[in-house]
file structure_13.cif (mmCIF, C-alpha atoms (C1' of nucleotides))
data_coords
#
loop_
_atom_site.label_atom_id
_atom_site.label_comp_id
_atom_site.auth_asym_id
_atom_site.auth_seq_id
_atom_site.Cartn_x
_atom_site.Cartn_y
_atom_site.Cartn_z
CA MET A 1 0.00 0.00 0.00
CA THR A 2 1.58 3.30 -0.99
CA SER A 3 -0.99 5.67 0.41
CA PRO A 4 -1.82 5.91 4.10
CA ALA A 5 -5.25 4.47 3.28
CA VAL A 6 -7.22 6.41 5.78
CA SER A 7 -10.18 4.24 5.00
CA SER A 8 -11.81 2.21 2.32
CA ARG A 9 -14.72 4.64 2.45
CA ASP A 10 -14.20 7.93 0.74
CA LEU A 11 -16.54 10.86 0.55
CA PRO A 12 -17.38 12.96 -2.52
CA HIS A 13 -16.02 16.49 -2.31
CA PRO A 14 -16.41 19.19 -4.95
CA ALA A 15 -13.16 20.09 -6.68
CA ARG A 16 -11.91 23.55 -5.95
CA ASP A 17 -13.10 24.85 -9.32
CA GLU A 18 -16.56 23.50 -8.71
CA ILE A 19 -17.15 25.43 -5.52
CA ARG A 20 -19.81 28.10 -5.92
CA LEU A 21 -20.62 31.08 -3.78
CA GLU A 22 -24.38 30.55 -3.56
CA PRO A 23 -24.26 27.07 -2.00
CA ILE A 24 -21.70 28.35 0.50
CA LEU A 25 -24.04 31.13 1.57
CA HIS A 26 -26.94 28.75 1.70
CA ALA A 27 -24.94 26.32 3.83
CA LEU A 28 -23.94 29.05 6.27
CA SER A 29 -27.42 30.55 6.50
CA ASP A 30 -28.46 27.72 8.81
CA PRO A 31 -27.64 28.52 12.45
CA MET A 32 -26.62 24.95 13.18
CA ARG A 33 -24.17 24.84 10.31
CA LEU A 34 -22.83 28.30 11.05
CA ALA A 35 -22.13 27.13 14.60
CA ILE A 36 -20.29 24.09 13.28
CA VAL A 37 -18.10 26.23 11.04
CA ARG A 38 -17.39 28.70 13.82
CA GLU A 39 -16.27 25.92 16.10
CA LEU A 40 -14.09 24.41 13.38
CA ALA A 41 -12.50 27.80 12.84
CA THR A 42 -11.63 28.26 16.50
CA VAL A 43 -10.00 24.87 16.96
CA CYS A 44 -8.24 25.45 13.66
CA GLY A 45 -7.83 21.70 13.24
CA GLU A 46 -9.98 18.67 12.82
CA LEU A 47 -12.88 17.45 14.89
CA THR A 48 -15.01 14.34 14.79
CA CYS A 49 -18.72 14.70 14.20
CA SER A 50 -19.52 13.54 17.72
CA GLN A 51 -17.38 16.20 19.34
CA PHE A 52 -19.99 18.80 18.50
CA GLU A 53 -22.70 19.39 21.06
CA LEU A 54 -25.65 20.03 18.83
CA PRO A 55 -29.27 20.00 19.99
CA VAL A 56 -30.32 17.62 17.22
CA THR A 57 -30.14 13.91 16.59
CA LYS A 58 -27.21 12.17 14.95
CA SER A 59 -29.14 11.77 11.72
CA THR A 60 -29.63 15.51 11.46
CA THR A 61 -26.00 16.13 12.33
CA THR A 62 -24.94 13.86 9.49
CA HIS A 63 -27.20 15.82 7.17
CA HIS A 64 -25.68 19.18 8.14
CA PHE A 65 -22.13 17.94 7.71
CA ARG A 66 -22.97 16.63 4.27
CA VAL A 67 -24.44 19.97 3.21
CA LEU A 68 -21.27 21.71 4.36
CA ARG A 69 -19.07 19.20 2.55
CA GLU A 70 -21.03 19.36 -0.70
CA ALA A 71 -20.88 23.15 -0.65
CA GLY A 72 -17.10 22.91 -0.34
CA VAL A 73 -16.92 24.49 3.09
CA ILE A 74 -15.45 21.53 4.96
CA ARG A 75 -13.35 18.50 4.17
CA GLN A 76 -14.28 15.14 5.67
CA VAL A 77 -12.18 12.05 5.94
CA TYR A 78 -12.60 8.81 7.81
CA ARG A 79 -10.06 7.69 10.38
CA GLY A 80 -11.21 4.43 11.80
CA THR A 81 -14.80 4.77 12.83
CA ALA A 82 -14.44 8.47 13.37
CA LYS A 83 -14.97 11.05 10.65
CA MET A 84 -12.65 14.00 10.89
CA ASN A 85 -13.91 17.41 9.82
CA GLY A 86 -11.80 20.37 8.81
CA LEU A 87 -12.41 23.71 7.15
CA ARG A 88 -11.34 24.01 3.51
CA LYS A 89 -9.73 27.31 4.37
CA ASP A 90 -6.97 26.95 1.79
CA ASP A 91 -9.37 26.44 -1.10
CA LEU A 92 -11.85 29.06 0.07
CA ASP A 93 -9.13 31.67 0.59
CA ASP A 94 -7.83 30.93 -2.87
CA LEU A 95 -11.24 31.20 -4.54
CA PHE A 96 -12.69 34.02 -2.46
CA PRO A 97 -9.94 35.92 -0.64
CA GLY A 98 -11.15 37.44 2.58
CA LEU A 99 -14.62 35.95 2.41
CA LEU A 100 -14.24 33.32 5.10
CA ASP A 101 -12.61 35.73 7.51
CA ALA A 102 -15.33 38.31 6.88
CA LEU A 103 -18.04 35.74 7.50
CA LEU A 104 -16.43 34.44 10.68
CA GLY A 105 -15.81 37.99 11.84
CA ALA A 106 -19.44 38.89 11.23
CA ALA A 107 -20.59 35.83 13.12
CA ASP A 108 -18.31 36.66 16.04
CA ARG A 109 -19.51 40.23 16.10
CA GLN A 110 -23.12 39.14 16.13
CA ALA A 111 -22.42 36.67 18.94
CA VAL A 112 -20.92 39.46 21.01
CA ARG A 113 -23.77 41.82 20.19
CA LEU A 114 -26.44 39.34 21.18
CA GLY A 115 -24.63 38.33 24.35
CA MET V 1 -45.72 70.02 4.48
CA THR V 2 -42.40 69.90 6.21
CA SER V 3 -41.16 66.52 5.06
CA PRO V 4 -40.88 65.63 1.39
CA ALA V 5 -43.67 63.09 1.99
CA VAL V 6 -42.31 60.42 -0.25
CA SER V 7 -45.54 58.52 0.12
CA SER V 8 -48.32 57.62 2.48
CA ARG V 9 -47.30 53.99 2.05
CA ASP V 10 -44.36 52.95 4.09
CA LEU V 11 -42.62 49.63 4.15
CA PRO V 12 -41.49 47.70 7.24
CA HIS V 13 -37.72 47.60 7.57
CA PRO V 14 -35.80 45.91 10.37
CA ALA V 15 -34.02 48.37 12.65
CA ARG V 16 -30.27 48.23 12.47
CA ASP V 17 -30.05 46.29 15.71
CA GLU V 18 -32.50 43.71 14.46
CA ILE V 19 -30.47 42.74 11.42
CA ARG V 20 -29.10 39.20 11.68
CA LEU V 21 -26.37 37.49 9.73
CA GLU V 22 -28.25 34.29 8.90
CA PRO V 23 -31.13 35.96 7.04
CA ILE V 24 -28.61 38.03 5.10
CA LEU V 25 -26.79 34.91 3.96
CA HIS V 26 -30.04 33.22 3.13
CA ALA V 27 -31.16 36.23 1.11
CA LEU V 28 -27.92 36.30 -0.86
CA SER V 29 -27.84 32.55 -1.47
CA ASP V 30 -30.46 32.96 -4.20
CA PRO V 31 -28.85 33.79 -7.57
CA MET V 32 -31.61 36.20 -8.49
CA ARG V 33 -31.26 38.18 -5.29
CA LEU V 34 -27.48 38.12 -5.45
CA ALA V 35 -27.74 39.58 -8.96
CA ILE V 36 -30.02 42.32 -7.67
CA VAL V 37 -27.58 43.26 -4.93
CA ARG V 38 -24.65 43.22 -7.31
CA GLU V 39 -26.44 45.59 -9.64
CA LEU V 40 -27.40 47.87 -6.78
CA ALA V 41 -23.79 47.95 -5.67
CA THR V 42 -22.50 48.94 -9.10
CA VAL V 43 -24.92 51.82 -9.63
CA CYS V 44 -24.24 52.88 -6.07
CA GLY V 45 -27.59 54.65 -5.93
CA GLU V 46 -31.23 53.85 -6.16
CA LEU V 47 -33.13 51.89 -8.75
CA THR V 48 -36.79 51.12 -9.28
CA CYS V 49 -37.93 47.54 -9.26
CA SER V 50 -38.76 47.61 -12.95
CA GLN V 51 -35.28 48.73 -13.95
CA PHE V 52 -33.99 45.24 -13.27
CA GLU V 53 -34.05 42.80 -16.15
CA LEU V 54 -34.88 39.59 -14.35
CA PRO V 55 -36.07 36.41 -16.05
CA VAL V 56 -39.06 36.09 -13.74
CA THR V 57 -42.48 37.65 -13.46
CA LYS V 58 -43.18 40.83 -11.54
CA SER V 59 -44.81 38.86 -8.73
CA THR V 60 -41.62 36.94 -8.18
CA THR V 61 -39.57 40.12 -8.40
CA THR V 62 -41.69 41.67 -5.67
CA HIS V 63 -41.07 38.59 -3.54
CA HIS V 64 -37.29 38.79 -3.94
CA PHE V 65 -37.18 42.48 -3.09
CA ARG V 66 -39.21 41.85 0.02
CA VAL V 67 -36.86 39.09 1.17
CA LEU V 68 -33.91 41.43 0.71
CA ARG V 69 -35.67 44.24 2.57
CA GLU V 70 -36.74 42.06 5.48
CA ALA V 71 -33.22 40.72 5.83
CA GLY V 72 -31.97 44.30 6.09
CA VAL V 73 -29.94 44.18 2.90
CA ILE V 74 -31.82 46.87 0.99
CA ARG V 75 -33.90 49.91 1.79
CA GLN V 76 -37.10 50.53 -0.14
CA VAL V 77 -39.10 53.68 -0.37
CA TYR V 78 -41.96 54.78 -2.57
CA ARG V 79 -41.65 57.80 -4.79
CA GLY V 80 -44.87 58.19 -6.66
CA THR V 81 -45.78 54.88 -8.18
CA ALA V 82 -42.16 53.83 -8.31
CA LYS V 83 -40.39 52.02 -5.50
CA MET V 84 -36.79 53.01 -5.10
CA ASN V 85 -34.28 50.41 -3.93
CA GLY V 86 -30.94 51.09 -2.34
CA LEU V 87 -28.36 49.05 -0.48
CA ARG V 88 -28.21 49.55 3.30
CA LYS V 89 -24.47 49.80 3.03
CA ASP V 90 -24.15 52.19 5.95
CA ASP V 91 -25.97 49.90 8.38
CA LEU V 92 -24.32 46.73 7.10
CA ASP V 93 -20.84 48.23 7.27
CA ASP V 94 -21.54 49.35 10.79
CA LEU V 95 -22.83 45.98 11.94
CA PHE V 96 -20.49 43.74 9.95
CA PRO V 97 -17.45 45.70 8.78
CA GLY V 98 -16.04 44.31 5.57
CA LEU V 99 -18.72 41.71 5.07
CA LEU V 100 -20.58 43.36 2.22
CA ASP V 101 -17.39 44.14 0.33
CA ALA V 102 -16.16 40.58 0.79
CA LEU V 103 -19.43 39.17 -0.48
CA LEU V 104 -19.52 41.48 -3.49
CA GLY V 105 -15.87 40.76 -4.20
CA ALA V 106 -16.51 37.03 -4.05
CA ALA V 107 -19.47 37.37 -6.39
CA ASP V 108 -17.40 39.43 -8.83
CA ARG V 109 -14.60 36.92 -8.70
CA GLN V 110 -16.95 34.06 -9.40
CA ALA V 111 -18.53 35.95 -12.28
CA VAL V 112 -15.09 36.43 -13.83
CA ARG V 113 -14.12 32.82 -13.22
CA LEU V 114 -17.27 31.45 -14.82
CA GLY V 115 -17.02 33.85 -17.74
"C1'" DC G 1 -16.39 -14.38 16.98
"C1'" DG G 2 -19.05 -10.86 19.68
"C1'" DA G 3 -20.01 -6.52 21.54
"C1'" DC G 4 -19.55 -1.82 21.20
"C1'" DT G 5 -18.97 2.80 18.98
"C1'" DC G 6 -19.45 5.89 15.20
"C1'" DG G 7 -21.68 7.28 11.59
"C1'" DT G 8 -25.05 6.21 7.25
"C1'" DA G 9 -29.27 5.20 4.72
"C1'" DC G 10 -33.96 5.39 4.16
"C1'" DG G 11 -38.60 6.70 4.89
"C1'" DA G 12 -41.79 9.93 6.88
"C1'" DT G 13 -43.34 14.45 8.11
"C1'" DA G 14 -43.98 19.09 8.37
"C1'" DG G 15 -42.78 23.50 7.00
"C1'" DG G 16 -40.58 26.80 3.87
"C1'" DC G 17 -39.98 28.84 -0.60
"C1'" DA G 18 -39.44 30.14 -5.68
"C1'" DT G 19 -42.48 30.53 -9.16
"C1'" DC G 20 -46.69 31.73 -11.58
"C1'" DG G 21 -51.30 33.99 -12.77
"C1'" DT G 22 -54.93 36.91 -11.78
"C1'" DA G 23 -57.14 40.39 -9.46
"C1'" DG G 24 -56.52 44.53 -6.88
"C1'" DT G 25 -54.56 49.19 -4.86
"C1'" DA G 26 -51.98 53.54 -4.93
"C1'" DT G 27 -50.14 57.43 -7.62
"C1'" DG G 28 -49.83 60.73 -11.31
"C1'" DG G 29 -51.41 62.89 -15.62
"C1'" DC G 30 -55.20 64.18 -18.83
"C1'" DG I 1 -63.40 61.71 -13.03
"C1'" DC I 2 -60.70 58.36 -15.88
"C1'" DC I 3 -56.98 55.84 -17.44
"C1'" DA I 4 -52.30 54.25 -17.44
"C1'" DT I 5 -48.38 52.81 -14.69
"C1'" DA I 6 -46.02 50.48 -10.91
"C1'" DC I 7 -46.26 47.45 -7.65
"C1'" DT I 8 -48.97 44.20 -4.26
"C1'" DA I 9 -51.90 40.45 -2.45
"C1'" DC I 10 -53.52 36.01 -2.62
"C1'" DG I 11 -53.97 31.35 -3.91
"C1'" DA I 12 -51.88 27.36 -6.13
"C1'" DT I 13 -48.15 24.34 -7.21
"C1'" DG I 14 -44.13 21.76 -6.98
"C1'" DC I 15 -39.77 21.38 -4.97
"C1'" DC I 16 -36.44 21.62 -1.30
"C1'" DT I 17 -35.12 20.89 3.48
"C1'" DA I 18 -34.69 20.36 8.62
"C1'" DT I 19 -36.02 17.10 11.63
"C1'" DC I 20 -36.85 12.55 13.51
"C1'" DG I 21 -36.70 7.31 14.25
"C1'" DT I 22 -35.18 2.96 13.12
"C1'" DA I 23 -32.41 -0.23 10.91
"C1'" DC I 24 -27.91 -0.99 9.03
"C1'" DG I 25 -22.53 -1.02 7.82
"C1'" DA I 26 -17.69 -0.26 9.03
"C1'" DG I 27 -14.18 -0.36 12.23
"C1'" DT I 28 -12.05 -1.43 16.99
"C1'" DC I 29 -11.27 -3.99 21.08
"C1'" DG I 30 -11.89 -7.86 24.01
#
call {"tool": "encode", "arguments": {"input": "structure_13.cif", "output": "structure tokens"}}
result
Amino acid sequence: MTSPAVSSRDLPHPARDEIRLEPILHALSDPMRLAIVRELATVCGELTCSQFELPVTKSTTTHHFRVLREAGVIRQVYRGTAKMNGLRKDDLDDLFPGLLDALLGAADRQAVRLG
Amino acid sequence: MTSPAVSSRDLPHPARDEIRLEPILHALSDPMRLAIVRELATVCGELTCSQFELPVTKSTTTHHFRVLREAGVIRQVYRGTAKMNGLRKDDLDDLFPGLLDALLGAADRQAVRLG
DNA sequence: CGACTCGTACGATAGGCATCGTAGTATGGC
DNA sequence: GCCATACTACGATGCCTATCGTACGAGTCG
């Protein structure tokens, strides 16, 4: 085996050139998904799906992560039974410089404003 | 008459403090509405609803403008039979500095990339 | 092998929404 | 007053989606 073979299962991600602005905005317009992205941005690394404390069932959590992945916002990869999630900051910064930071900054500012 | 009395009809706008990020992102995640905002940003002034060349009926156009207004993205005011539309750039820049420019920049960049 | 954990798939449900067409209201000019 | 213009209101339709529950698959550890 030449590659590390993280898993036999692999997940469909959009290529960088296929990432569109509208699906990104749609993905982030859901409070649950915006919270996920904010948390991913603060840890600045990878988290498993179950490390998020979301007030929804696991099925719904799976759904939200898939929407984020298919919009090109996060990258998901299996490691054992766990699925690691990370922001596609490199690709997003390349496609839309400053956008991710502006969105995260706006979300932070709103969180402060609303207490 | 002391005020210019633009019209007896007035439209409900969210106060600046009531504007939330999620509805803004939802409003801009629709290609039609993103196109409207991009056009408003380029003219940098006010436009009537009928000055937009959108491939939908007037009913649908009215709907999109209302979504944008209720999200706090645009300001609408009647002047005679016409309804003038303008970006709420001042309020948005105050609430979320840099966000609007980042969004418009991303939209421009995507438009260039897709030809 | 067997049990356990993590996440998926699928169906169901309820609500939201983009779109249309038609009928209606407000404003301005004749 | 009457008509044209600009936009709205309302109902209908079909699609999308956020949520759940249950049943399942993939991997790990004993």
call {"tool": "resolve_selection", "arguments": {"input": "structure_13.cif", "expression": "the PyMOL selection byres ((chain V and resi 37) around 9)", "output": "PyMOL selection string"}}
result
chain V and resi 28+32-36+38-42+68+73-74+86-87+104
call {"tool": "interface_residues", "arguments": {"input": "structure_13.cif", "of": "chain V", "to": "chain I", "cutoff": "10 Å", "atoms": "only C-alpha atoms (C1' of nucleotides)", "output": "PyMOL selection string"}}
result
chain V and resi 48-50+58-59+61-63+78+80-83
call {"tool": "closest_atom_pairs", "arguments": {"input": "structure_13.cif", "of": "chain V", "to": "chain A", "cutoff": "6 Å", "atoms": "all atoms listed in the file", "output": "Markdown table"}}
result
| residue | atom | partner | partner_atom | distance |
| --- | --- | --- | --- | --- |
| V:Glu22 | CA | A:Ser29 | CA | 4.5 |
| V:Leu25 | CA | A:Ser29 | CA | 5.1 |
| V:His26 | CA | A:Ser29 | CA | 5.0 |
| V:Ser29 | CA | A:Glu22 | CA | 4.5 |
| V:Phe96 | CA | A:Ala106 | CA | 5.1 |
| V:Leu99 | CA | A:Ala102 | CA | 5.1 |
| V:Ala102 | CA | A:Leu99 | CA | 5.1 |
| V:Ala106 | CA | A:Phe96 | CA | 5.1 |
call {"tool": "closest_residue", "arguments": {"input": "structure_13.cif", "among": "G:DG24, G:DA18, G:DC30, G:DG2", "to": "chain V", "atoms": "only C-alpha atoms (C1' of nucleotides)"}}
result
G:DA18
call {"tool": "closest_residue", "arguments": {"input": "structure_13.cif", "among": "V:Val77, V:Gly72, V:Arg9, V:Asp94", "to": "chain G", "atoms": "all atoms listed in the file"}}
result
V:Arg9
call {"tool": "interface_residues", "arguments": {"input": "structure_13.cif", "of": "chain G", "to": "chain V", "cutoff": "12 Å", "atoms": "only C-alpha atoms (C1' of nucleotides)", "output": "list of chain:residue names"}}
result
G:DC17, G:DA18, G:DT19, G:DC20, G:DG21, G:DT22, G:DT25, G:DA26, G:DT27, G:DG28
call {"tool": "atom_distance", "arguments": {"input": "structure_13.cif", "atom1": "atom CA of Gln51 of chain V", "atom2": "atom CA of Gln76 of chain V"}}
result
14.0 Å
call {"tool": "atom_distance", "arguments": {"input": "structure_13.cif", "atom1": "atom CA of Ala111 of chain V", "atom2": "atom CA of Arg16 of chain A"}}
result
15.4 Å
call {"tool": "atom_distance", "arguments": {"input": "structure_13.cif", "atom1": "atom CA of Lys89 of chain V", "atom2": "atom CA of Val112 of chain A"}}
result
21.0 Å
call {"tool": "axis_aligned_box", "arguments": {"input": "structure_13.cif", "around": "segment 15-27 of chain I", "padding_each_side": "3 Å", "output": "JSON"}}
result
{"center_x": -27.0, "center_y": 10.3, "center_z": 4.6, "size_x": 31.6, "size_y": 28.6, "size_z": 25.2}
